[in-house]
Structures are given as structure tokens and as C-alpha cells.
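Chemist: This is the structure I want to talk about, given as C-alpha cells.
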Protein chains: 2
Amino acid sequence: MAKVLTAQADDFPRWYQDVVAKAELADNGPVRGTMVIRPYGYSIWERMQAEMDARIKAAGAENAYFPLFIPESYLRREAEHVEGFSPELAVVTHAGGKALDEPIVVRPTSETVIGEFMARWIQSYRDLPLLLNTWNNVVRWELRPRLFLRTTEFLWQEGHTAHVTREDAEAYAIRILREVYEDFMVNVLAMPLLVGRKTASERFAGAFNTMTCEAMMRDGKALQMGTSHELGSNFAKAFDITYLDARGETQHCWTTSWGSTTRMIGGVIMTHGDDDGLVVPPALAPIQALVLVVKDEGGTGERAAALADELSAAGVRTRLDDRVGQTFGRRVTDWELKGVPVRVEIGPRDLAADAATLVRRDTGAKEQVPLPALAGRVEKLVADVQQDMLADARGRRDANIADASDIREAADASRSGFARLPWRLVRGEGEARLAADGVTVRCLQRPDGSLPRSEDEDDLVAFVARAY
Amino acid sequence: MAKVLTAQADDFPRWYQDVVAKAELADNGPVRGTMVIRPYGYSIWERMQAEMDARIKAAGAENAYFPLFIPESYLRREAEHVEGFSPELAVVTHAGGKALDEPIVVRPTSETVIGEFMARWIQSYRDLPLLLNTWNNVVRWELRPRLFLRTTEFLWQEGHTAHVTREDAEAYAIRILREVYEDFMVNVLAMPLLVGRKTASERFAGAFNTMTCEAMMRDGKALQMGTSHELGSNFAKAFDITYLDARGETQHCWTTSWGSTTRMIGGVIMTHGDDDGLVVPPALAPIQALVLVVKDEGGTGERAAALADELSAAGVRTRLDDRVGQTFGRRVTDWELKGVPVRVEIGPRDLAADAATLVRRDTGAKEQVPLPALAGRVEKLVADVQQDMLADARGRRDANIADASDIREAADASRSGFARLPWRLVRGEGEARLAADGVTVRCLQRPDGSLPRSEDEDDLVAFVARAY
């Protein structure tokens with residue numbers, strides 16, 4: 001049988017494009033760099049949003065909505081900020097049938113407009129902390145777009161918070177990193193992470209500390225999955241975000257921001273996907289179990305529908321495929337492309353044996369299960385597949401992190417994975433030398449894996465890699 | 001005590017502005033006509049989305065995402081469509097640091113880009129019906145913006161579907177109107193509706209039938225809350241949306257579209273609000289019951305927290321207010337402004353009597369309830385308030401619909417409410433005469449209240465009013 005997809009080993013970027021198209025995740029939009037997220041791809045994003053949103057709310061932040069359009073003047077207020085963004089901006093010059101007096105920028109982030117409103121809403125220390133989050137679309141003009149990974153318009157959440165003290169801001173930025181991003185990515189996306197600190201040259205414009213979740217894709221490259229920034233009081237000074245303290249004195253706030261985007265979908269594809277397509281971890285999957293009617297004879301269709309209902313009632317997100325007008329093989333190929341974690345195949349012969357065939361998408365393992373035991377077995381499999389996918393991804397990741405003892409070795413190792421080496425060997429001109437090979441420091445960690453509070457700490461470990 | 005709000009009777013539009021500001025629902029954005037939806041306002045929108053989205057999915061439609069940016073050429077494909085929109089468009093002429101070859105329009109609706117992708121995705125009759133919905137932001141330049149009701153950028157859902165037959169398209173457009181819009185607006189928003197057919201002059205550009213949900217605000221004006229359109233095969237012809245039928249012949253699809261927006265929040269404010277502020281129907285309310293600690297003495301705070309947990313466990317969306325550092329009166333005023341339907345007040349004296357005071361926001365009625373009976377009583381109240389609010393709104397609405405026997409009478413009645421009169425008296429030049437007084441036909445119904453299939457049917461009833 002001809003393979004539907006380019007093999008990963010033959011051409012990884014092409015394999016990625018094939019999966020996105022053939023699993024019906026997304027298409028290119030008509031304006032260069034924009035993206036149409038198709039229903040199946042969007043159902044994955046909805047699940048991501050639901051899981052993240054619950055964690056964001058549990059961390060005390062409230063959702064709000066800020067305008068798409070920002071006066072150009074806002075972006076000039078913080079010099080460093082606009083430097084980071086200006087070549088990426090899309091600008092509205094005409095509206096309502098005429099030229100505008102002041103051009104309007106389509107938000108590349110809501111940072112500035114949220115800063116403006118924080119300044120209005122915060123009066124006293126009693127209004128702090130102010131913990132805001134917003135789910136929206138932003139635009140950053142992309143010269144080399146790739147679906148999900150790098151698109152001119154993307155969907156994301158951006159959090160923005162203001163605090164009384166630097167310590168409180170720091171604690172909150174770390175809380176989001178750990179309790180929202182890391183917890184979600186590890187436990188729902190089944191993606192092992194390196195959580196660490198960005199070097200000064202890799203920091204978000206305007207931040208004095210950027211912390212990051214870095215994942216390894218199956219081609220050994222790194223993908224930045226989410227970042228949490230301490231903005232100090234710089235941003236508060238640029239936007240006049242002040243409060244009256246208990247003694248009635250005006251003080252500047254300490255602010256944070258943090259974001260994660262639709263590129264996480266690309267991360268799931270490239271962490272778990274194989275030559276048969278996408279593999280979706282069960283905790284994320286919009287469809288966890290597919291009940292596939294092989295042939296509708298002798299009441300098979302009816303029994304399959306009843307089983308699907310039984311699985312749904314047991315809390316498994318289930319879909320019934322009884323489109324017996326299409327060949328069984330074609331349907332199996334389609335569902336493998338879409339990466340549904342557990343497949344329940346049932347035909348007249350299975351029914352005669354009062355059994356069904358269970359197939360795991362991650363390993364391809366098949367087993368015959370008596371129908372009365374089916375729901376329990378599927379529930380167990382859903383949990384097992386989730387655990388095994390994380391363990392497998394962790395195994396692959398760890399096997400592809402090489403210890404390097406100098407820049408040359410690190411650059412070599414970065415051809416197929418990550419390299420780990422002492423930060424003191426990289427610091428200074430090392431980053432520039434790595435950059436010449438397209439390699440960057442993804443993050444710094446302490447020897448015990450914890451977050452450094454400064455890149456000046458002794459004995460820090462640098463993880464370097466090529467990156468998306 | 002000085003009133004916080006302008007009274008409705010003194011200046012209704014001013015009252016509306018006051019409520020939006022003081023209940024912390026929304027602010028004007030920095031670009032004229034744009035809107036910042038504050039956390040409390042956005043939590044109402046999130047509840048609207050959740051309730052609507054469940055109904056949309058139950059009707060079989062799938063969510064997807066389409067790009068914000070549309071090539072200007074797309075909007076020219078359907079002449080009628082662009083005529084409806086061109087003065088309202090915002091146009092991006094510069095991006096990525098240079099002038100664009102083709103200007104880009106910020107979507108006023110995704111109709112055209114969805115048409116383009118439907119044409120690609122639909123091959124055969126087996127792909128139909130194609131039932132798509134998308135939640136997004138759209139931009140229509142507004143000269144006289146009003147928060148929620150008419151903003152340059154607003155949030156909405158837009159549904160777009162393609163069908164094999166006109167009958168199927170019609171049935172689906174009606175299903176959305178009844179099972180999604182009407183059911184949600186009546187049973188969640190507690191808003192009585194007139195559901196009917198728009199006249200030719202009030203139809204959506206490009207539709208051959210627009211059906212609408214019309215509500216009456218407390219000032220007697222109409223608000224269009226949601227519309228569902230039959231687009232016939234016009235749109236499919238403009239965008240080449242075709243399928244191969246069972247005989248292998250190419251046919252054009254029949255399409256529908258339907259939308260509802262953040263203006264529904266304005267509808268809730270102006271249907272239920274009173275001189276003390278917003279009144280949120282319990283089925284919609286992000287906070288259904290507020291537990292308010294009067295004074296934290298003798299363990300009152302602790303007991304109140306336990307009661308709040310008990311209410312949450314009983315499935316009531318509950319918030320605890322134990323900010324005893326602020327005066328009791330100020331907190332009561334704030335929560336009345338925000339329209340929380342049930343308030344549970346508990347102070348040391350209540351605790352001594354093992355009781356709490358329940359206050360209904362809609363009627364102001366107070367009752368003393370023994371603590372062991374509290375959860376049951378609150379659950380009952382939540383249901384009762386919902387019912388009573390709908391009944392009250394229906395009573396007000398019905399009392400303000402006057403039967404008119406000619407255009408003059410209808411225009412007069414429209415100063416304070418709706419007028420109902422035979423469509424044959426309006427048809428032809430009647431619509432223009434009403435328009436001179438700022439009055440429009442909101443919808444047509446059959447005498448039994450059902451949906452006309454044509455405005456040529458005998459004995460149709462026209463509802464006319466001034467409208468937002």
C-alpha cells in the first residue's frame with residue numbers, strides 16, 4: 001500500500017506539512033501567512049483552551065477582552081517594545097471610506113493597551129494584584145510562515161498582571177510557568193519540557209527575566225512552547241501604572257506577562273506524530289475512542305452505537321464511525337492520520353464472539369476484548385496510553401541530549417538533538433559562535449534543574465539547540 | 001442616599017452608559033468605537049458563549065477558525081455583499097514595513113473567505129451538509145458607537161452552512177433560529193422574543209430570507225438579537241460552491257448564515273436593568289449567589305465561607321464577599337449594580353439566630369432563612385427568579401405592544417413601544433412613511449405567530465418599532 005505521508009526520515013518538514021493537510025488540521029489562508037484552522041484542528045485547540053483556561057482561573061486570573069486596534073502612538077511609548085515589533089506590524093490607514101488621521105496598528109500583543117487600562121483601573125494597593133488574561137488573535141507579519149508554528153495571525157492567550165512588590169510579581173510569573181504551562185504541557189500534551197531561564201540575548205523585549213518551556217521535536221529541534229516574563233517596573237513606568245501605598249504615597253507597580261499560542265498544536269504534531277500521521281495524547285484528544293463499524297451486518301451497527309453510548313456514559317470522549325459505504329481500510333487510514341488514541345473495531349465476526357478489537361494508535365498493539373469488559377478496558381487504555389506517550393517522549397528526548405565540553409561539540413550535537421554544557425563555556429562570545437551554526441541557547445538551569453534567579457549564578461547549565 | 005445611576009425615566013441612554021461603566025462591564029477603547037470588555041462583562045460573555053456553543057454543537061455544527069485578513073478582491077466577488085459593507089471596512093495598506101501590493105480588508109464577516117474554503121472542501125453530495133461555526137472578532141466602522149450595541153469591533157459567532165437542497169437549507173436556518181437563538185434567549189437570557197421574517201428592505205445583503213429574534217427594551221425600542229439567513233444559491237454561485245450529485249452532475253449548493261454578537265449583553269442590560277443597575281438572570285449569571293459577610297465577628301467569616309462552599313457544592317455559582325474592610329452599604333450597592341440575582345447576607349446577629357437574610361435582586365424581597373435550609377432555599381430561588389424575570393419581561397413587553405389600524409397610529413405607538421398592524425397596511429409606501437419617523441418593520445409573523453415563508457402570504461402581521 002502506498003504511504004499517504006512522506007516519511008519523517010525522508011523529509012521531516014514535508015512530513016509535517018503532509019500531516020497538517022491530510023489530518024485536516026489547517027490550510028493556508030488567502031493572505032500570505034494566515035491560517036484556516038479546520039474543524040478537527042480547531043477541536044484540538046478548543047480542548048487546549050479549556051484545559052489551560054481552567055488552570056489560569058485556578059491561578060486567580062480573570063479573562064477580559066481588549067481591542068484589536070491600537071493607536072500607533074501607543075507602541076512608541078516603550079522604545080524597547082516597539083523595536084521588538086515594528087517590522088512585524090500590520091497597519092490600517094483607511095477606514096470608514098477615508099484615510100485616517102492617525103494610523104492604527106493591528107495588535108501584535110495587547111501589552112500596551114492593557115498597560116493603559118491597568119493605569120486607569122489601579123488606584124490603591126487594595127486593587128493589587130490585578131491578574132488579567134485574554135484569549136484573542138494577534139498579527140505579526142511573517143516572511144517564512146509555517147502552519148501553526150509561525151503564522152502572520154495566530155490565536156493565543158496573553159496574561160498581564162500588576163503587583164505591589166517584585167517578589168510577588170516573580171512568584172506569580174513562576175506560578176503561571178509551573179502550574180499552568182508546565183502542568184498542562186506535561187500532563188495533558190504528554191510533552192516533557194526543559195523549564196528554564198532565557199539568556200539576556202533571547203529575552204522578550206522589555207523583560208528583565210524571561211522563563212520558558214522548551215520541548216524537543218522528533219527531528220531534534222527545539223520548540224518554545226510558552227514563556228512567562230518579569231517586566232520589572234519598566235513597563236509600569238512607561239505606562240504610568242501606579243498605586244497609592246498604605247501611607248498614601250504613589251508607587252510604580254511590578255508587572256508580568258505570559259503567553260502561549262496555537263503553535264502548541266505544531267508541538268503536539270512534531271512530538272508524537274509518526275509515519276502514519278498525528279498521535280493525539282488521550283488527555284488532549286477531542287475523540288479519545290473511535291468505535292468503527294467494520295460491516296453493518298447482523299445488527300453490528302446497532303450494537304456499535306450502543307457501545308459508543310456506553311463509552312460516552314463512562315466519560316470517554318467517543319465517536320461512532322458507521323460510514324460503511326466507505327471501505328474499512330480507507331477509514332482506518334483516515335483515523336490513524338487524525339491520531340485518535342484508541343480504536344474499537346467491531347464487525348459481524350466480533351459480534352458473534354461477543355467481542356471487539358481494540359487498537360492503540362501509539363503502539364499499534366491490538367487485543368480482543370469481550371464486550372462486557374470493553375468500557376473498563378478502554379478507560380484503562382486511555383490512562384495507559386497517556387502515561388506511555390509521555391514516557392516515550394521523555395525517553396526520546398533524553399536520548400537526544402548530549403553532554404558537550406565545548407562550543408564545537410555543542411554545535412555538532414545540535415544537528416540531531418540538544419546539547420548540554422556549562423553556561424560559563426558559552427557566555428560571552430559563545431552565543432554568537434553558536435548562532436553562526438543556527439544554534440541558540442534554549443534555556444539555563446541550575447544543576448538540580450531548578451530556575452536560576454540570574455545568569456550570573458555559578459555552575460549554571462545551558463541547553464542549546466536549533467529551534468523552530 | 002444619592003443615587004449612583006441616572007434614573008431610567010430621566011434619561012435612558014445615560015442610564016445605560018452609567019450601568020455599563022459602574023457595573024464595570026466595559027470601557028471605550030483608545031481607537032474610536034472600540035471596546036474593552038472588563039472581567040465582569042467578559043464573564044457574562046463567556047457564559048453566553050458556553051450556553052450558545054453547546055446548542056450550536058447539538059445542532060451538528062462544528063467550530064473552525066478563518067483568517068482576520070481578507071484580500072480586498074474577495075469582497076468584490078458578490079456585488080450585493082460588498083455594497084452592504086464597503087463604507088464600513090477597515091483596510092490594511094502597510095505590513096512588514098512596506099506598502100502591500102493588494103490592500104487587505106479586516107473581516108466585517110467571514111462570509112467570503114468561508115465561501116472560498118467551502119468551495120475547496122466540498123466535492124460530492126457525501127460532504128453535505130457542511131455545518132460550520134466560528135467565534136471571532138469582526139470590524140465594521142461605526143460613526144455613532146455605543147458600548148455593546150454598536151461598536152467598531154465586536155465579538156460574535158457566525159455560522160455558515162451548505163446543503164444539497166433548498167428545503168434542507170431552510171430547515172437548518174429555522175433550526176438554528178429556534179433551537180439555538182430562541183431557546184437560549186428565552187430560557188437563559190429570560191428575554192421574550194418576537195421571532196419573525198424580515199421584510200425585503202430589512203434583509204441581510206445577499207439573503208433571500210432573513211429571520212430574526214426581536215426583543216423589546218425597557219424604553220420600548222426594539223433590539224435585533226440574532227438573525228438567520230437563507231442565502232439561496234446566490235452565494236454558492238458567486239463562490240463556486242458546487243458538489244457532484246449521485247449521478248455525477250455538478251450542482252450548486254444552497255447556503256445559510258446566522259450570527260449573534262456581544263450586543264446581546266446590551267440586550268440583557270436594557271431588558272432587565274433597573275434604577276439600581278444591572279439585573280442578571282440566574283441561568284446566565286456568572287455569580288448566581290453572593291454570600292456577603294456583614295461583619296466578621298464571632299466566627300461569621302468562617303461560617304460564611306463554609307456556606308459558600310456548601311452552595312457551590314449544590315451546583316450554585318457562588319462568590320464570597322468577606323471584604324469587611326469596606327462598608328457594608330458600599331458593597332451592597334456594588335453587587336446590586338452588578339445584578340447578582342441572590343444575595344445571602346450573614347452577620348453576627350444572623351449567626352446567633354442560626355439564620356441568614358436572603359435578598360432577591362429582581363424584587364428586593366428579603367427573607368430570613370435558617371442556615372440548615374439555606375442551600376435548598378437558594379436553589380429554589382435561583383429557579384424562581386429566572387422564571388419570574390421572564391414572566392415580568394413578557395408582561396412589560398406585551399403591555400407595550402399596541403394594535404394600530406393605520407401607519408399614523410403605528411408611528412405614534414412606536415414612541416413608547418411596538419405597534420402591531422396588518423402587513424397589507426404597511427406594504428409598499430408604508431415602510432418609507434414609517435422610516436420618516438425613525439420607525440421600521442421589525443418582523444412579519446403569521447396570525448398564529450409562526451414564520452411566514454414569503455411576505456406575499458395573506459393576513460401577515462407586521463411588528464413595527466424604533467430600534468437600536
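Going through the C-alpha cells in order, the chains are called A, B, and so on, while each chain numbers its residues from 1 and the ligands are numbered from 1 in the order shown.
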Return as a ChimeraX atom specification the full set of residues in stretch 153-300 of chain B whose backbone-based DSSP assignment is strand (DSSP E).
Modeler: /B:153-163,194-197,209-216,222-232,242-244,250-252,254-261,289-293
Chemist: Within 7 Å of chain A, which residues of chain B show up? Give each one with its shortest atom-to-atom distance in Å (one decimal) and the two atoms involved, counting only C-alpha atoms, rows by chain then rising residue number, as JSON lines.
Modeler:
{"residue": "B:Gly29", "atom": "CA", "partner": "A:Pro67", "partner_atom": "CA", "distance": 6.4}
{"residue": "B:Pro30", "atom": "CA", "partner": "A:Pro71", "partner_atom": "CA", "distance": 7.0}
{"residue": "B:Val31", "atom": "CA", "partner": "A:Pro71", "partner_atom": "CA", "distance": 6.3}
{"residue": "B:Thr34", "atom": "CA", "partner": "A:Pro67", "partner_atom": "CA", "distance": 6.1}
{"residue": "B:Met35", "atom": "CA", "partner": "A:Pro67", "partner_atom": "CA", "distance": 6.0}
{"residue": "B:Val36", "atom": "CA", "partner": "A:Phe66", "partner_atom": "CA", "distance": 4.7}
{"residue": "B:Ile37", "atom": "CA", "partner": "A:Tyr65", "partner_atom": "CA", "distance": 4.9}
{"residue": "B:Arg38", "atom": "CA", "partner": "A:Ala64", "partner_atom": "CA", "distance": 5.2}
{"residue": "B:Pro39", "atom": "CA", "partner": "A:Ala64", "partner_atom": "CA", "distance": 4.6}
{"residue": "B:Tyr42", "atom": "CA", "partner": "A:Ala64", "partner_atom": "CA", "distance": 5.3}
{"residue": "B:Glu62", "atom": "CA", "partner": "A:Pro39", "partner_atom": "CA", "distance": 6.0}
{"residue": "B:Asn63", "atom": "CA", "partner": "A:Pro39", "partner_atom": "CA", "distance": 5.6}
{"residue": "B:Ala64", "atom": "CA", "partner": "A:Pro39", "partner_atom": "CA", "distance": 4.6}
{"residue": "B:Tyr65", "atom": "CA", "partner": "A:Ile37", "partner_atom": "CA", "distance": 4.9}
{"residue": "B:Phe66", "atom": "CA", "partner": "A:Val36", "partner_atom": "CA", "distance": 4.7}
{"residue": "B:Pro67", "atom": "CA", "partner": "A:Met35", "partner_atom": "CA", "distance": 6.0}
{"residue": "B:Phe69", "atom": "CA", "partner": "A:Val31", "partner_atom": "CA", "distance": 6.6}
{"residue": "B:Ile70", "atom": "CA", "partner": "A:Val31", "partner_atom": "CA", "distance": 6.5}
{"residue": "B:Pro71", "atom": "CA", "partner": "A:Val31", "partner_atom": "CA", "distance": 6.3}
{"residue": "B:Pro87", "atom": "CA", "partner": "A:Gly96", "partner_atom": "CA", "distance": 5.0}
{"residue": "B:Glu88", "atom": "CA", "partner": "A:Gly96", "partner_atom": "CA", "distance": 4.8}
{"residue": "B:Leu89", "atom": "CA", "partner": "A:Ala95", "partner_atom": "CA", "distance": 5.6}
{"residue": "B:Ala90", "atom": "CA", "partner": "A:Ala95", "partner_atom": "CA", "distance": 4.1}
{"residue": "B:Val91", "atom": "CA", "partner": "A:His94", "partner_atom": "CA", "distance": 5.2}
{"residue": "B:Val92", "atom": "CA", "partner": "A:Val92", "partner_atom": "CA", "distance": 4.1}
{"residue": "B:Thr93", "atom": "CA", "partner": "A:Val92", "partner_atom": "CA", "distance": 6.2}
{"residue": "B:His94", "atom": "CA", "partner": "A:Val91", "partner_atom": "CA", "distance": 5.2}
{"residue": "B:Ala95", "atom": "CA", "partner": "A:Ala90", "partner_atom": "CA", "distance": 4.1}
{"residue": "B:Gly96", "atom": "CA", "partner": "A:Glu88", "partner_atom": "CA", "distance": 4.9}
{"residue": "B:Gly97", "atom": "CA", "partner": "A:Pro87", "partner_atom": "CA", "distance": 5.1}
{"residue": "B:Trp141", "atom": "CA", "partner": "A:Gly96", "partner_atom": "CA", "distance": 5.3}
Chemist: Pick out the residues sitting within 12 Å of stretch 351-354 of chain A, and hand them over as a list in words; count only C-alpha atoms, and ignore anything fewer than 3 positions along from it in its own chain.
Modeler: Val293, Val294, Lys295, Asp296, Glu297, Gly298, Gly299, Thr300, Gly301, Glu302, Arg303, Ala304, Leu307, Glu345, Ile346, Gly347, Pro348, Thr357, Gln368, Val369, Pro370, Leu371, Pro372, Ala373 and Leu374 of chain A
Chemist: Tell me which protein, DNA and RNA residues are within 8 Å of B:Ile44, counting only C-alpha atoms, leaving out same-chain ones fewer than 3 positions away, and put them as a PyMOL selection string.
Modeler: chain B and resi 40-41+47-48+265+284-286
Chemist: Can I get the selected residues back with all heavy atoms, as a CSV table (one decimal), in the first residue's frame?
Modeler:
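New file out-v1.csv:
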chain,number,residue,atom,x,y,z
B,40,TYR,N,-15.8,41.5,34.6
B,40,TYR,CA,-17.2,41.1,34.9
B,40,TYR,C,-18.0,41.0,33.7
B,40,TYR,O,-18.8,40.0,33.5
B,40,TYR,CB,-17.8,42.1,35.9
B,40,TYR,CG,-19.2,41.6,36.4
B,40,TYR,CD1,-19.3,40.4,37.0
B,40,TYR,CD2,-20.3,42.3,36.2
B,40,TYR,CE1,-20.5,39.9,37.5
B,40,TYR,CE2,-21.6,41.9,36.6
B,40,TYR,CZ,-21.7,40.7,37.3
B,40,TYR,OH,-22.9,40.2,37.7
B,41,GLY,N,-17.9,42.0,32.8
B,41,GLY,CA,-18.6,41.9,31.5
B,41,GLY,C,-18.2,40.7,30.7
B,41,GLY,O,-19.1,40.0,30.1
B,47,ARG,N,-20.2,33.1,29.7
B,47,ARG,CA,-21.4,32.2,30.0
B,47,ARG,C,-22.3,32.2,28.7
B,47,ARG,O,-22.9,31.1,28.4
B,47,ARG,CB,-22.2,32.8,31.1
B,47,ARG,CG,-21.5,32.7,32.5
B,47,ARG,CD,-21.8,31.3,33.2
B,47,ARG,NE,-23.2,31.0,33.1
B,47,ARG,CZ,-23.7,29.9,32.6
B,47,ARG,NH1,-22.9,28.9,32.3
B,47,ARG,NH2,-25.0,29.7,32.5
B,48,MET,N,-22.5,33.3,28.0
B,48,MET,CA,-23.3,33.3,26.8
B,48,MET,C,-22.6,32.3,25.8
B,48,MET,O,-23.3,31.5,25.2
B,48,MET,CB,-23.3,34.7,26.2
B,48,MET,CG,-24.2,35.7,26.9
B,48,MET,SD,-24.3,37.3,26.0
B,48,MET,CE,-25.6,38.1,27.0
B,265,ILE,N,-25.3,41.4,25.2
B,265,ILE,CA,-25.1,41.9,26.6
B,265,ILE,C,-25.9,43.2,26.8
B,265,ILE,O,-26.5,43.4,27.8
B,265,ILE,CB,-23.6,42.1,26.8
B,265,ILE,CG1,-22.9,40.8,26.7
B,265,ILE,CG2,-23.4,42.7,28.2
B,265,ILE,CD1,-21.3,40.9,26.7
B,284,LEU,N,-28.0,32.8,33.4
B,284,LEU,CA,-26.9,33.5,32.7
B,284,LEU,C,-25.8,33.8,33.7
B,284,LEU,O,-24.6,33.8,33.3
B,284,LEU,CB,-27.3,34.7,32.0
B,284,LEU,CG,-26.2,35.6,31.3
B,284,LEU,CD1,-25.6,34.9,30.2
B,284,LEU,CD2,-26.8,37.0,30.9
B,285,ALA,N,-26.2,34.2,34.9
B,285,ALA,CA,-25.2,34.8,35.8
B,285,ALA,C,-24.0,34.1,36.1
B,285,ALA,O,-24.0,32.9,36.5
B,285,ALA,CB,-26.0,35.1,37.2
B,286,PRO,N,-22.8,34.7,36.0
B,286,PRO,CA,-21.5,34.1,36.4
B,286,PRO,C,-21.5,33.9,37.9
B,286,PRO,O,-20.9,33.0,38.4
B,286,PRO,CB,-20.5,35.1,36.0
B,286,PRO,CG,-21.1,36.2,35.2
B,286,PRO,CD,-22.6,36.1,35.4
Chemist: Would you please give, as a PyMOL selection string, all residues of stretch 187-367 of chain A that DSSP assigns to helix (DSSP H, G or I) based on the backbone?
Modeler: chain A and resi 187+200-202+234-239+263-272+300-313+328-338+348-352
Chemist: Determine, counting only C-alpha atoms, which protein, DNA and RNA residues have an atom within 6 Å of an atom of B:His229; residues of the same chain fewer than 6 positions away are not included. Present the result as an NGL selection string.
Modeler: :B and (207 or 209-210 or 256-258)
Chemist: For those residues, write all heavy atoms to a file as a compact mmCIF listing (two decimals), in the first residue's frame.
Modeler:
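Now in again_32.txt:
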# COMPACT_ATOMS: atom_id res chain seq x y z
N ALA B 207 -29.15 37.87 1.07
CA ALA B 207 -30.07 36.82 1.53
C ALA B 207 -31.39 36.92 0.77
O ALA B 207 -31.79 38.00 0.35
CB ALA B 207 -30.35 36.98 3.02
N ASN B 209 -33.97 35.36 2.36
CA ASN B 209 -34.84 35.37 3.53
C ASN B 209 -33.99 35.59 4.77
O ASN B 209 -33.02 34.87 4.99
CB ASN B 209 -35.60 34.04 3.65
CG ASN B 209 -36.49 34.00 4.89
OD1 ASN B 209 -36.89 35.05 5.42
ND2 ASN B 209 -36.81 32.80 5.35
N THR B 210 -34.35 36.60 5.54
CA THR B 210 -33.70 36.83 6.83
C THR B 210 -34.75 36.66 7.92
O THR B 210 -35.81 37.29 7.86
CB THR B 210 -33.09 38.24 6.92
OG1 THR B 210 -31.97 38.31 6.04
CG2 THR B 210 -32.62 38.56 8.34
N THR B 256 -26.67 28.87 4.03
CA THR B 256 -27.29 29.70 5.07
C THR B 256 -26.18 30.42 5.84
O THR B 256 -25.02 30.00 5.79
CB THR B 256 -28.07 28.88 6.12
OG1 THR B 256 -27.16 28.36 7.11
CG2 THR B 256 -28.85 27.73 5.51
N SER B 257 -26.52 31.48 6.53
CA SER B 257 -25.61 32.03 7.53
C SER B 257 -26.42 32.61 8.67
O SER B 257 -27.60 32.92 8.50
CB SER B 257 -24.66 33.06 6.92
OG SER B 257 -25.34 34.26 6.62
N TRP B 258 -25.79 32.73 9.83
CA TRP B 258 -26.51 33.14 11.04
C TRP B 258 -25.51 33.67 12.05
O TRP B 258 -24.39 33.19 12.14
CB TRP B 258 -27.32 31.97 11.63
CG TRP B 258 -26.77 30.61 11.32
CD1 TRP B 258 -26.92 29.92 10.14
CD2 TRP B 258 -25.94 29.78 12.16
NE1 TRP B 258 -26.26 28.71 10.20
CE2 TRP B 258 -25.66 28.59 11.44
CE3 TRP B 258 -25.44 29.91 13.45
CZ2 TRP B 258 -24.87 27.56 11.96
CZ3 TRP B 258 -24.66 28.88 13.97
CH2 TRP B 258 -24.39 27.72 13.22
